[in-house]
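K.L.:
Quick one: structure below, then a few questions.
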Amino acid sequence: MKGQYKETIRVDNLVTGYRSKKGDIVITRDINAALYSGELTCLLGPNGAGKSTLLKTLTAFLPPIAGSITVESKLLSEYTDAKLAKVIGVVLTERLNINNMTVKELVGMGRSPYTGFWGRMSEYDRMVVNESISLVNIGNLRDRMIQTLSDGERQKVMIAKSLAQETPVIFLDEPTAFLDYPSKVEIMQLLQRLAREKNKTVFLSTHDLELALQIADRVWLIDKPHGVTIGTPEDLALNGDMSRYFRRDGVIFDMESGLFKICHELNGSVCLNGTGPRFNMVRKALARRGIYAAPDGRKDITIDTSGENYNINGHSVTSIAQLLDRVDRLLLKNNV
Amino acid sequence: MSRSKTAVLMLLSGLSIVLFFILNLLLGSVSIPVGSIIDILLGRGADNMIWTNIIMKSRLPQSLTAAMAGAGLAVSGLLMQTVFRNPLAGPSVLGISSGASLGVAFVVLLSGSIGGVALSKLGVIGEVTITFSAIFGSLLIMALIAFVAGKVRGNVTLLIMGVMIGYIANAIIGVLKFFSAEEDIRAYVIWGLGSFARVSGGQTMVFIILMCVLLPMSFFLIKTLNLLLLGDSYARNLGLNIKRARLLVIASSGILVAVVTAYCGPVVFLGLAVPHICRGLFQTSNHAVILPASMLGGASLALLCNLIARLPGFEGALPVNSVTALIGAPVVMWVLFDKRRNEV
């Protein structure tokens with residue numbers, strides 16, 4: 001498997017931004033990086049960090065201010081629109097506003113770079129379209145009109161379109177925005193699978209930090225002060241880059257899980273005994289209330305989760321809601 | 001929609017053209033027996049010279065003009081709606097028909113004040129002059145729009161620019177009217193009402209030949225138009241040169257409007273309405289279907305409108321523009337209501 005990770009895109013001293021009459025507006029400078037086939041790479045960063053600008057530059061929608069982008073060992077600027085259409089496929093974040101077009105027709109548009117003057121599809125084109133549709137698991141939507149689809153379904157159709165385009169590289173701008181959590185996971189897993197099975201270079205921007213950190217082979221962190229930093233999610237976690245990029249009040253990076261956690265200000269303390277999920281849940285619920293709960297907490301309130309019910313200072317309660325209620329009352333009494 | 005259903009609808013549109021065309025020949029303020037009409041059309045001549053004149057010099061050219069103009073306007077409207085991704089776009093939005101009006105206004109209104117001869121009294125020479133000035137006016141505006149299209153990025157920006165250019169043209173016409181003789185203003189207003197019967201004899205042939213060349217050329221745009229439906233970014237990612245495509249589509253649409261307006265005056269509504277009707281009926285936005293459908297639908301609807309304008313009682317006095325809107329608007333509303341799922 002190792003051999004298939006081939007460098008498809010190389011970025012050298014890239015400066016992204018917008019050109020205007022009054023002078024260039026630089027968004028991000030000095031990006032040196034590469035993307036590899038068979039890998040899913042996520043671009044992470046806060047709003048306004050320059051994610052979209054970078055993506056637009058890499059897809060040639062926007063010219064770079066300086067530096068070079070090499071795609072399949074040829075400069076991006078040397079590609080014509082028609083040639084590039086066979087190398088890079090995009091899925092955009094804008095909601096597609098098309099009526100009276102079936103899923104099959106839309107996926108078929110992905111074959112446009114290959115069809116002739118009249119846009120007639122060959123037997124092979126039809127086969128690729130069908131294969132793309134089944135790879136994304138939307139065979140049941142084949143004859144549905146686009147306007148009747150949900151946001152998640154539309155996103156999958158557009159992914160199928162980029163598959164039909166048969167490009168080695170797929171760029172996606174926030175493909176998981178506007179989706180519910182299960183759909184987000186589904187899309188991410190789908191993209192990961194495509195990268196592995198079809199040996200595609202998949203590069204996407206997203207705000208779904210947790211998901212990206214769990215599923216991405218490589219992460220590009222981007223923001224204004226630090227520029228771009230690249231690595232596996234694990235390396236970036238260990239060397240502290242992750243917490244550097246997303247430092248905010250109330251958020252901490254948890255080294256144990258490699259994920260971000262909301263950090264609660266704690267101003268109370270109880271003694272909590274036990275193990276397992278029930279212990280963890282009680283601990284979590286109390287943390288939300290700003291109460292520190294651990295075996296070394298203050299002994300005037302003692303909670304035991306090891307029995308069948310929750311035991312608090314000798315009283316038995318059946319749910320965490322009741323438990324919280326009781327803790328509140330006890331704390332109030334102790335303070336007075 | 002299945003292939004066979006599309007084919008049946010297409011066939012029905014074609015048949016409706018034939019039907020309305022025949023009715024256009026049959027009906028009129030003078031009633032002529034069917035047998036005589038067939039004789040006249042086959043060149044066997046009829047005993048009544050007046051009947052021959054009515055059919056060959058009035059009804060036949062008028063019907064042909066209506067069918068061609070309707071098809072041209074519908075195609076032009078479809079192209080505009082696709083390129084601007086705006087359901088309200090039509091042949092008149094970019095000021096191209098205002099350009100034609102401006103050209104006509106210049107010659108009609110100024111001929112009297114400057115040349116001392118009312119153009120409206122010059123017969124065929126007057127007609128040709130009007131046609132050329134209309135084409136010249138609309139091509140001038142179109143060149144302006146094409147220039148702007150190369151400079152601005154957004155579609156909406158371009159649309160607004162077009163509307164503004166239209167306003168300027170109309171304002172200039174207003175100024176010209178102020179300085180013109182009443183007789184000339186009347187001639188200009190009548191031209192502005194639109195008519196499929198304005199052109200005579202040999203000019204009809206020129207118009208029909210022009211349309212027979214221009215209409216099939218729009219088929220070359222099918223792939224481009226389908227890609228434009230996806231929006232600029234997706235279309236470009238699929239290898240389309242957006243600026244060139246936009247220019248090509250606007251130019252094709254503009255030339256069609258220019259020619260139709262030059263010969264028939266500014267006929268409103270057909271260009272806006274027909275694409276909507278076709279999208280509603282055929283339930284597709286694939287231009288390989290909707291383009292020929294609009295062509296057939298436009299011809300059919302124009303013939304129907306012409307028929308109504310000439311119904312006994314109106315004596316051809318009803319302006320085509322009133323009929324197109326009166327017939328077209330309810331049809332569009334009906335299609336949209338009936339197929340509520342297919343929002344624009």
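The way I read the labels, and the way they are meant: chains A, B, ... in the order of the structure tokens, residue 1 as the first residue of every chain, and ligand 1 as the first ligand shown, with later ones counted on from there.
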May I have a table of the residues of chain B lying at most 6 Å from chain A, giving each one's closest pair of atoms and their distance in Å to one decimal, counting only C-alpha atoms, ordered by chain and ascending residue number, as CSV?
P.N.:
```
residue,atom,partner,partner_atom,distance
B:Lys223,CA,A:Gly119,CA,5.5
B:Asn237,CA,A:Ala85,CA,5.4
B:Leu238,CA,A:Ala85,CA,5.0
B:Gly239,CA,A:Ala82,CA,4.0
B:Gln283,CA,A:Asn100,CA,5.6
B:Thr284,CA,A:Asn100,CA,4.5
B:Ser285,CA,A:Asn100,CA,5.5
```
K.L.:
Contacts of Ala212 in chain A at 12 Å or less, counting only C-alpha atoms, minus same-chain residues fewer than 2 places along, as a VMD selection string?
P.N.:
chain A and resid 40 to 45 174 to 176 184 to 185 187 to 189 191 to 192 203 to 210 214 to 221 232 to 234 258 to 260
K.L.:
When DSSP is applied to the backbone of this structure, which of range 165-216 of chain A are assigned strand (DSSP E)? Write them out as a ChimeraX atom specification.
P.N.:
/A:169-173,201-206
K.L.:
May I have the residues within 10 Å of Glu182 in chain B as a list of chain:residue names, using only C-alpha atoms and disregarding those fewer than 5 positions away in the same chain?
P.N.:
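In the requested form, the answer reads B:Leu109, B:Gly112, B:Lys177, B:Ala187, B:Tyr188.
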K.L.:
Dump N, CA, C and O atoms for the selected residues as a CSV table (one decimal), in the first residue's frame?
P.N.:
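The new file selection.csv reads:
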```
chain,number,residue,atom,x,y,z
B,109,LEU,N,-38.1,59.8,-36.3
B,109,LEU,CA,-38.5,61.1,-35.6
B,109,LEU,C,-37.7,62.2,-36.2
B,109,LEU,O,-38.2,63.3,-36.3
B,112,GLY,N,-38.4,63.8,-40.3
B,112,GLY,CA,-39.3,64.9,-40.6
B,112,GLY,C,-38.7,66.2,-40.2
B,112,GLY,O,-38.7,67.2,-41.0
B,177,LYS,N,-38.6,62.4,-29.2
B,177,LYS,CA,-40.0,62.6,-29.4
B,177,LYS,C,-40.4,64.1,-29.2
B,177,LYS,O,-41.3,64.6,-29.9
B,187,ALA,N,-46.2,57.6,-36.3
B,187,ALA,CA,-45.6,56.5,-37.1
B,187,ALA,C,-44.7,55.7,-36.1
B,187,ALA,O,-44.7,54.4,-36.2
B,188,TYR,N,-43.9,56.4,-35.3
B,188,TYR,CA,-43.0,55.6,-34.3
B,188,TYR,C,-43.9,54.8,-33.3
B,188,TYR,O,-43.5,53.6,-33.1
```
K.L.:
When you look at Leu227 in chain B with a cut-off of 9 Å (counting only C-alpha atoms), what residues show up, excluding the ones that are within fewer than 2 positions of it in the same chain? I need them as a PyMOL selection string.
P.N.:
(chain A and resi 109+112) or (chain B and resi 222-225+229-232+234-236+238+240)
K.L.:
Among the residues of range 228-330 of chain A, find those DSSP assigns to alpha helix (DSSP H) from the backbone and print them as a PDB file with N, CA and C atoms, in the first residue's frame.
P.N.:
```pdb
ATOM      1  N   PRO A 233      -2.665  14.667  12.305  1.00  0.00           N
ATOM      2  CA  PRO A 233      -3.353  15.241  13.463  1.00  0.00           C
ATOM      3  C   PRO A 233      -2.610  14.927  14.756  1.00  0.00           C
ATOM      4  N   GLU A 234      -2.027  13.738  14.832  1.00  0.00           N
ATOM      5  CA  GLU A 234      -1.368  13.316  16.063  1.00  0.00           C
ATOM      6  C   GLU A 234      -0.105  14.129  16.323  1.00  0.00           C
ATOM      7  N   ASP A 235       0.721  14.320  15.279  1.00  0.00           N
ATOM      8  CA  ASP A 235       1.939  15.112  15.450  1.00  0.00           C
ATOM      9  C   ASP A 235       1.614  16.535  15.871  1.00  0.00           C
ATOM     10  N   LEU A 236       0.600  17.104  15.206  1.00  0.00           N
ATOM     11  CA  LEU A 236       0.239  18.485  15.513  1.00  0.00           C
ATOM     12  C   LEU A 236      -0.276  18.602  16.938  1.00  0.00           C
ATOM     13  N   ALA A 237      -0.918  17.537  17.440  1.00  0.00           N
ATOM     14  CA  ALA A 237      -1.406  17.540  18.812  1.00  0.00           C
ATOM     15  C   ALA A 237      -0.226  17.500  19.770  1.00  0.00           C
ATOM     16  N   LEU A 238       0.712  16.600  19.503  1.00  0.00           N
ATOM     17  CA  LEU A 238       1.826  16.404  20.431  1.00  0.00           C
ATOM     18  C   LEU A 238       2.745  17.620  20.487  1.00  0.00           C
ATOM     19  N   ASP A 241       0.919  22.466  18.288  1.00  0.00           N
ATOM     20  CA  ASP A 241       0.395  23.351  17.244  1.00  0.00           C
ATOM     21  C   ASP A 241      -1.120  23.467  17.320  1.00  0.00           C
ATOM     22  N   MET A 242      -1.754  22.318  17.590  1.00  0.00           N
ATOM     23  CA  MET A 242      -3.214  22.273  17.606  1.00  0.00           C
ATOM     24  C   MET A 242      -3.780  23.269  18.614  1.00  0.00           C
ATOM     25  N   SER A 243      -3.228  23.262  19.830  1.00  0.00           N
ATOM     26  CA  SER A 243      -3.776  24.179  20.828  1.00  0.00           C
ATOM     27  C   SER A 243      -3.359  25.623  20.523  1.00  0.00           C
ATOM     28  N   ARG A 244      -2.214  25.790  19.825  1.00  0.00           N
ATOM     29  CA  ARG A 244      -1.767  27.138  19.471  1.00  0.00           C
ATOM     30  C   ARG A 244      -2.754  27.770  18.480  1.00  0.00           C
ATOM     31  N   TYR A 245      -3.219  26.975  17.521  1.00  0.00           N
ATOM     32  CA  TYR A 245      -4.087  27.507  16.476  1.00  0.00           C
ATOM     33  C   TYR A 245      -5.498  27.791  16.966  1.00  0.00           C
ATOM     34  N   GLY A 276     -16.142   3.502  35.312  1.00  0.00           N
ATOM     35  CA  GLY A 276     -16.983   3.198  34.151  1.00  0.00           C
ATOM     36  C   GLY A 276     -17.772   4.372  33.627  1.00  0.00           C
ATOM     37  N   PRO A 277     -18.664   4.084  32.686  1.00  0.00           N
ATOM     38  CA  PRO A 277     -19.401   5.153  32.010  1.00  0.00           C
ATOM     39  C   PRO A 277     -20.252   5.987  32.964  1.00  0.00           C
ATOM     40  N   ARG A 278     -20.867   5.350  33.959  1.00  0.00           N
ATOM     41  CA  ARG A 278     -21.734   6.109  34.877  1.00  0.00           C
ATOM     42  C   ARG A 278     -20.913   7.133  35.661  1.00  0.00           C
ATOM     43  N   PHE A 279     -19.703   6.735  36.052  1.00  0.00           N
ATOM     44  CA  PHE A 279     -18.793   7.648  36.740  1.00  0.00           C
ATOM     45  C   PHE A 279     -18.463   8.843  35.839  1.00  0.00           C
ATOM     46  N   ASN A 280     -18.118   8.532  34.586  1.00  0.00           N
ATOM     47  CA  ASN A 280     -17.728   9.589  33.649  1.00  0.00           C
ATOM     48  C   ASN A 280     -18.864  10.567  33.364  1.00  0.00           C
ATOM     49  N   MET A 281     -20.080  10.010  33.242  1.00  0.00           N
ATOM     50  CA  MET A 281     -21.230  10.857  32.912  1.00  0.00           C
ATOM     51  C   MET A 281     -21.554  11.804  34.060  1.00  0.00           C
ATOM     52  N   VAL A 282     -21.494  11.285  35.270  1.00  0.00           N
ATOM     53  CA  VAL A 282     -21.769  12.139  36.437  1.00  0.00           C
ATOM     54  C   VAL A 282     -20.720  13.247  36.505  1.00  0.00           C
ATOM     55  N   ARG A 283     -19.483  12.862  36.251  1.00  0.00           N
ATOM     56  CA  ARG A 283     -18.388  13.814  36.277  1.00  0.00           C
ATOM     57  C   ARG A 283     -18.606  14.928  35.235  1.00  0.00           C
ATOM     58  N   LYS A 284     -19.064  14.507  34.064  1.00  0.00           N
ATOM     59  CA  LYS A 284     -19.293  15.447  32.969  1.00  0.00           C
ATOM     60  C   LYS A 284     -20.442  16.400  33.308  1.00  0.00           C
ATOM     61  N   ALA A 285     -21.522  15.826  33.844  1.00  0.00           N
ATOM     62  CA  ALA A 285     -22.691  16.634  34.173  1.00  0.00           C
ATOM     63  C   ALA A 285     -22.344  17.667  35.243  1.00  0.00           C
ATOM     64  N   LEU A 286     -21.551  17.255  36.230  1.00  0.00           N
ATOM     65  CA  LEU A 286     -21.190  18.186  37.298  1.00  0.00           C
ATOM     66  C   LEU A 286     -20.226  19.261  36.783  1.00  0.00           C
ATOM     67  N   ALA A 287     -19.327  18.878  35.856  1.00  0.00           N
ATOM     68  CA  ALA A 287     -18.384  19.846  35.284  1.00  0.00           C
ATOM     69  C   ALA A 287     -19.145  20.954  34.577  1.00  0.00           C
ATOM     70  N   ARG A 288     -20.271  20.575  33.926  1.00  0.00           N
ATOM     71  CA  ARG A 288     -21.075  21.564  33.227  1.00  0.00           C
ATOM     72  C   ARG A 288     -21.628  22.585  34.209  1.00  0.00           C
ATOM     73  N   ILE A 320     -29.458  11.051  36.738  1.00  0.00           N
ATOM     74  CA  ILE A 320     -28.495  12.133  36.934  1.00  0.00           C
ATOM     75  C   ILE A 320     -29.218  13.448  37.183  1.00  0.00           C
ATOM     76  N   ALA A 321     -30.409  13.604  36.571  1.00  0.00           N
ATOM     77  CA  ALA A 321     -31.190  14.821  36.793  1.00  0.00           C
ATOM     78  C   ALA A 321     -31.507  14.985  38.278  1.00  0.00           C
ATOM     79  N   GLN A 322     -31.970  13.880  38.874  1.00  0.00           N
ATOM     80  CA  GLN A 322     -32.291  13.932  40.310  1.00  0.00           C
ATOM     81  C   GLN A 322     -31.033  14.187  41.133  1.00  0.00           C
ATOM     82  N   LEU A 323     -29.941  13.581  40.701  1.00  0.00           N
ATOM     83  CA  LEU A 323     -28.672  13.735  41.397  1.00  0.00           C
ATOM     84  C   LEU A 323     -28.235  15.198  41.417  1.00  0.00           C
ATOM     85  N   LEU A 324     -28.346  15.849  40.242  1.00  0.00           N
ATOM     86  CA  LEU A 324     -27.937  17.249  40.126  1.00  0.00           C
ATOM     87  C   LEU A 324     -28.792  18.122  41.033  1.00  0.00           C
ATOM     88  N   ASP A 325     -30.072  17.807  41.055  1.00  0.00           N
ATOM     89  CA  ASP A 325     -31.027  18.531  41.864  1.00  0.00           C
ATOM     90  C   ASP A 325     -30.588  18.508  43.331  1.00  0.00           C
ATOM     91  N   ARG A 326     -30.247  17.315  43.779  1.00  0.00           N
ATOM     92  CA  ARG A 326     -29.864  17.102  45.169  1.00  0.00           C
ATOM     93  C   ARG A 326     -28.539  17.819  45.479  1.00  0.00           C
ATOM     94  N   VAL A 327     -27.583  17.731  44.541  1.00  0.00           N
ATOM     95  CA  VAL A 327     -26.295  18.405  44.743  1.00  0.00           C
ATOM     96  C   VAL A 327     -26.512  19.905  44.883  1.00  0.00           C
ATOM     97  N   ASP A 328     -27.375  20.474  44.038  1.00  0.00           N
ATOM     98  CA  ASP A 328     -27.659  21.909  44.107  1.00  0.00           C
ATOM     99  C   ASP A 328     -28.158  22.294  45.491  1.00  0.00           C
ATOM    100  N   ARG A 329     -29.137  21.478  45.970  1.00  0.00           N
ATOM    101  CA  ARG A 329     -29.738  21.798  47.270  1.00  0.00           C
ATOM    102  C   ARG A 329     -28.696  21.717  48.391  1.00  0.00           C
ATOM    103  N   LEU A 330     -27.856  20.658  48.348  1.00  0.00           N
ATOM    104  CA  LEU A 330     -26.838  20.479  49.377  1.00  0.00           C
ATOM    105  C   LEU A 330     -25.829  21.631  49.360  1.00  0.00           C
TER     106      LEU A 330
END
```
K.L.:
Show me, as a PyMOL selection string, the residues that have an atom within 12 Å of Val18 in chain B when counting only C-alpha atoms, minus same-chain residues fewer than 4 positions from it.
P.N.:
chain B and resi 11-14+22-25+63-64+67+296-297+299-301+303-304
K.L.:
Would you pick out the contacts of Arg310 in chain B at 12 Å or less, using only C-alpha atoms, so that residues sharing its chain but fewer than 4 positions from it are not included, and give the list as a list in words?
P.N.:
Leu23, Asn24, Leu25, Leu26, Leu27, Gly28, Ser29, Val30, Ser58, Arg59, Gln62, Ser63, Ser195, Phe196, Ala197, Leu303, Leu304, Cys305, Asn306, Phe314, Glu315, Gly316, Ala317, Leu318, Pro319, Val320 and Val323 of chain B
K.L.:
Emit the selected residues as a compact mmCIF listing (two decimals), in the first residue's frame, including N, CA and C atoms.
P.N.:
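The resulting file, again07.txt, is shown below:
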```txt
# COMPACT_ATOMS: atom_id res chain seq x y z
N LEU B 23 -55.15 27.63 -39.77
CA LEU B 23 -56.22 28.52 -39.31
C LEU B 23 -55.91 29.97 -39.67
N ASN B 24 -54.62 30.34 -39.58
CA ASN B 24 -54.21 31.69 -39.95
C ASN B 24 -54.51 31.98 -41.41
N LEU B 25 -54.37 30.94 -42.25
CA LEU B 25 -54.67 31.13 -43.67
C LEU B 25 -56.17 31.19 -43.91
N LEU B 26 -56.90 30.39 -43.13
CA LEU B 26 -58.35 30.27 -43.34
C LEU B 26 -59.13 31.48 -42.84
N LEU B 27 -58.77 31.93 -41.64
CA LEU B 27 -59.60 32.94 -40.99
C LEU B 27 -59.13 34.36 -41.28
N GLY B 28 -60.07 35.24 -41.34
CA GLY B 28 -59.76 36.64 -41.57
C GLY B 28 -61.03 37.41 -41.82
N SER B 29 -60.89 38.72 -42.05
CA SER B 29 -62.08 39.54 -42.20
C SER B 29 -62.81 39.20 -43.50
N VAL B 30 -62.07 38.69 -44.50
CA VAL B 30 -62.71 38.23 -45.73
C VAL B 30 -62.75 36.71 -45.69
N SER B 58 -50.80 38.78 -48.01
CA SER B 58 -51.08 39.16 -46.62
C SER B 58 -51.00 37.96 -45.68
N ARG B 59 -51.96 37.01 -45.85
CA ARG B 59 -52.04 35.95 -44.84
C ARG B 59 -50.81 35.05 -44.80
N GLN B 62 -47.64 36.87 -43.51
CA GLN B 62 -47.86 37.23 -42.11
C GLN B 62 -47.70 36.01 -41.21
N SER B 63 -48.26 34.86 -41.65
CA SER B 63 -48.16 33.64 -40.84
C SER B 63 -46.72 33.17 -40.73
N SER B 195 -45.93 44.22 -34.87
CA SER B 195 -46.88 43.64 -35.81
C SER B 195 -46.15 42.62 -36.68
N PHE B 196 -46.86 41.52 -37.00
CA PHE B 196 -46.26 40.53 -37.89
C PHE B 196 -46.58 40.86 -39.34
N ALA B 197 -47.34 41.94 -39.53
CA ALA B 197 -47.80 42.25 -40.88
C ALA B 197 -47.13 43.49 -41.44
N LEU B 303 -48.27 32.23 -33.65
CA LEU B 303 -49.33 32.02 -34.64
C LEU B 303 -50.71 32.16 -33.99
N LEU B 304 -50.82 31.60 -32.77
CA LEU B 304 -52.09 31.70 -32.05
C LEU B 304 -52.42 33.16 -31.76
N CYS B 305 -51.41 33.91 -31.30
CA CYS B 305 -51.63 35.32 -30.98
C CYS B 305 -52.03 36.10 -32.23
N ASN B 306 -51.35 35.81 -33.33
CA ASN B 306 -51.66 36.49 -34.58
C ASN B 306 -53.09 36.17 -35.01
N PHE B 314 -62.17 42.13 -34.76
CA PHE B 314 -61.04 43.01 -34.47
C PHE B 314 -60.50 43.63 -35.76
N GLU B 315 -60.72 42.93 -36.86
CA GLU B 315 -60.30 43.40 -38.17
C GLU B 315 -58.82 43.76 -38.20
N GLY B 316 -58.00 42.97 -37.49
CA GLY B 316 -56.56 43.21 -37.53
C GLY B 316 -56.14 44.46 -36.80
N ALA B 317 -57.07 45.06 -36.07
CA ALA B 317 -56.76 46.32 -35.42
C ALA B 317 -56.09 46.11 -34.06
N LEU B 318 -56.23 44.88 -33.54
CA LEU B 318 -55.68 44.61 -32.21
C LEU B 318 -54.16 44.48 -32.30
N PRO B 319 -53.43 45.27 -31.52
CA PRO B 319 -51.97 45.17 -31.58
C PRO B 319 -51.49 43.81 -31.04
N VAL B 320 -50.48 43.25 -31.71
CA VAL B 320 -49.96 41.94 -31.31
C VAL B 320 -49.49 41.94 -29.86
N VAL B 323 -52.10 41.11 -27.39
CA VAL B 323 -52.53 39.71 -27.44
C VAL B 323 -51.47 38.80 -26.80
```
K.L.:
Take CA of Leu79 in chain B and CA of Leu139 in chain B and report the distance between them in Å, one decimal.
P.N.:
17.0 Å
K.L.:
Name all residues at most 12 Å from Ser322 in chain B (count only C-alpha atoms; drop same-chain ones fewer than 5 positions away) and give them as a PyMOL selection string.
P.N.:
chain B and resi 192-195+266-270+305-306+308-309+317+327-329
